[in-house]
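Engineer: start27.txt is reproduced in full below (compact mmCIF, C-alpha atoms).
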```txt
# COMPACT_ATOMS: atom_id res chain seq x y z
CA MET L 170 -19.74 18.90 36.80
CA ILE L 171 -19.70 19.09 40.58
CA THR L 172 -16.69 16.76 40.71
CA VAL L 173 -14.76 19.00 38.32
CA LEU L 174 -15.46 22.09 40.42
CA THR L 175 -14.52 20.29 43.63
CA VAL L 176 -11.29 18.98 42.12
CA GLU L 177 -10.48 22.42 40.71
CA ALA L 178 -11.02 24.08 44.09
CA ALA L 179 -8.90 21.44 45.84
CA LEU L 180 -6.16 21.85 43.26
CA GLN L 181 -6.12 25.64 43.68
CA HIS L 182 -5.93 25.29 47.47
CA THR L 183 -3.18 22.67 47.27
CA CYS L 184 -1.08 24.75 44.86
CA ALA L 185 -1.50 27.84 47.07
CA THR L 186 -0.32 25.81 50.06
CA PHE L 187 2.77 24.62 48.17
CA ARG L 188 3.55 28.20 47.10
CA GLU L 189 3.23 29.44 50.70
CA ARG L 190 5.52 26.69 51.96
CA ALA L 191 8.11 27.57 49.31
CA ASP L 192 7.85 31.26 50.21
CA ARG L 193 8.51 30.38 53.88
CA GLY L 194 11.49 28.24 52.90
CA ASP L 195 9.92 24.96 54.08
CA ILE L 196 10.43 23.48 50.62
CA THR L 197 12.56 24.52 47.67
CA PRO L 198 11.08 26.02 44.51
CA ALA L 199 12.01 22.81 42.67
CA GLU L 200 10.14 20.72 45.25
CA ARG L 201 7.18 23.09 44.97
CA ASP L 202 7.10 22.66 41.20
CA LEU L 203 7.27 18.87 41.45
CA LEU L 204 4.49 18.80 44.04
CA ILE L 205 2.29 21.06 41.91
CA ASP L 206 2.95 18.88 38.84
CA GLY L 207 1.92 15.81 40.82
CA ALA L 208 -1.22 17.54 42.09
CA VAL L 209 -2.19 18.53 38.55
CA LEU L 210 -1.68 14.96 37.31
CA LEU L 211 -3.76 13.59 40.17
CA ALA L 212 -6.52 16.12 39.48
CA MET L 213 -6.53 15.13 35.80
CA HIS L 214 -6.80 11.45 36.76
CA ILE L 215 -9.71 12.13 39.11
CA ASP L 216 -11.41 14.19 36.42
CA ASP L 217 -10.98 11.34 33.93
CA LEU L 218 -12.45 8.86 36.42
CA ALA L 219 -15.43 11.15 37.01
CA ARG L 220 -16.07 11.41 33.27
CA GLU L 221 -15.93 7.63 32.97
CA GLY L 222 -18.35 7.29 35.87
CA ARG L 223 -15.80 5.46 38.02
CA ALA L 224 -15.11 8.14 40.62
CA ASP L 225 -16.67 6.05 43.40
CA SER L 226 -14.81 2.82 42.67
CA ALA L 227 -11.29 2.02 43.76
CA PRO L 228 -9.31 1.48 40.54
CA GLY L 229 -7.02 -1.50 40.66
CA TRP L 230 -8.58 -2.96 43.81
CA ALA L 231 -11.51 -4.80 42.27
CA GLY L 232 -11.52 -8.26 43.78
CA ALA L 233 -8.26 -7.69 45.63
CA THR L 234 -8.02 -7.63 49.38
CA GLN L 235 -6.86 -4.35 50.80
CA PRO L 236 -4.06 -4.49 53.37
CA GLU L 237 -5.03 -4.29 57.00
CA PRO L 238 -3.90 -1.18 58.85
CA ALA L 239 -0.67 -1.72 60.74
CA GLY L 240 -0.90 -2.18 64.48
CA ARG L 241 0.92 0.22 66.77
CA HIS L 242 3.89 -2.13 67.24
CA GLU L 243 4.23 -2.61 63.46
CA ARG L 244 4.27 1.14 62.83
CA HIS L 245 7.10 1.59 65.32
CA LEU L 246 9.12 -1.21 63.71
CA ALA L 247 8.56 0.24 60.25
CA ALA L 248 9.57 3.71 61.40
CA ALA L 249 12.72 2.37 63.09
CA ALA L 250 13.68 0.48 59.92
CA ALA L 251 13.31 3.57 57.71
```
For the file at hand, write its structure as structure tokens.
Structural biologist:
Amino acid sequence: MITVLTVEAALQHTCATFRERADRGDITPAERDLLIDGAVLLAMHIDDLAREGRADSAPGWAGATQPEPAGRHERHLAAAAA
């Protein structure tokens, strides 16, 4: 139950932030709507994981090695390539 309340509070805060940014003109209303839709889908996924008791595990990473963080020189190369 605590996870649901935490996710709900985070979702409300995130949606409010997206609305404020759209009101300021930082993002378009269409972008705001897409971001809110994505936040809702993410919140639903987290809620599902919490109900299944898997909220603490990293789905899809079991047994897989996680990538190492990029070094400073790699980040600059990646940014220049983008």
Engineer: Between L:Val176, L:Pro198, L:Thr186, L:Ala191, which one has atoms that come closest to Leu211 of chain L, using only C-alpha atoms?
Structural biologist: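 Of all the options, L:Val176 lies closest to Leu211 of chain L.
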Engineer: To one decimal in Å, tell me the separation between atom CA of Leu180 of chain L and atom CA of Ala208 of chain L.
Structural biologist: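 Value for the atom CA of Leu180 of chain L-atom CA of Ala208 of chain L distance: 6.7 Å.
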Engineer: Work out how far atom CA of His214 of chain L is from atom CA of Arg188 of chain L, in Å to one decimal.
Structural biologist: 22.2 Å
Engineer: Taking all atoms of segment 192-198 of chain L that the file lists and extending 4 Å past them on each side, where is the centre of the axis-aligned box and how long are its edges? Answer in Å to one decimal, as AutoDock Vina command-line options.
Structural biologist:
```
--center_x 10.2 --center_y 27.4 --center_z 49.3 --size_x 12.7 --size_y 15.8 --size_z 17.6
```
Engineer: For a test of reading the model, state the distance in Å between atom CA of Ala178 of chain L and atom CA of Ile205 of chain L, rounded to one decimal.
Structural biologist: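 Rounded to one decimal, the two atoms are 13.8 Å apart.
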Engineer: Compile the contact shell of Cys184 of chain L as a ChimeraX atom specification: residues with an atom at most 12 Å away, counting all atoms listed in the file, same-chain residues fewer than 6 positions apart removed.
Structural biologist: /L:177-178,190-191,200-209,212
Engineer: When distances are computed from all atoms listed in the file, which of L:Glu221, L:Phe187, L:Met213, L:His182 shows the smallest separation from Ala199 of chain L?
Structural biologist: L:Phe187
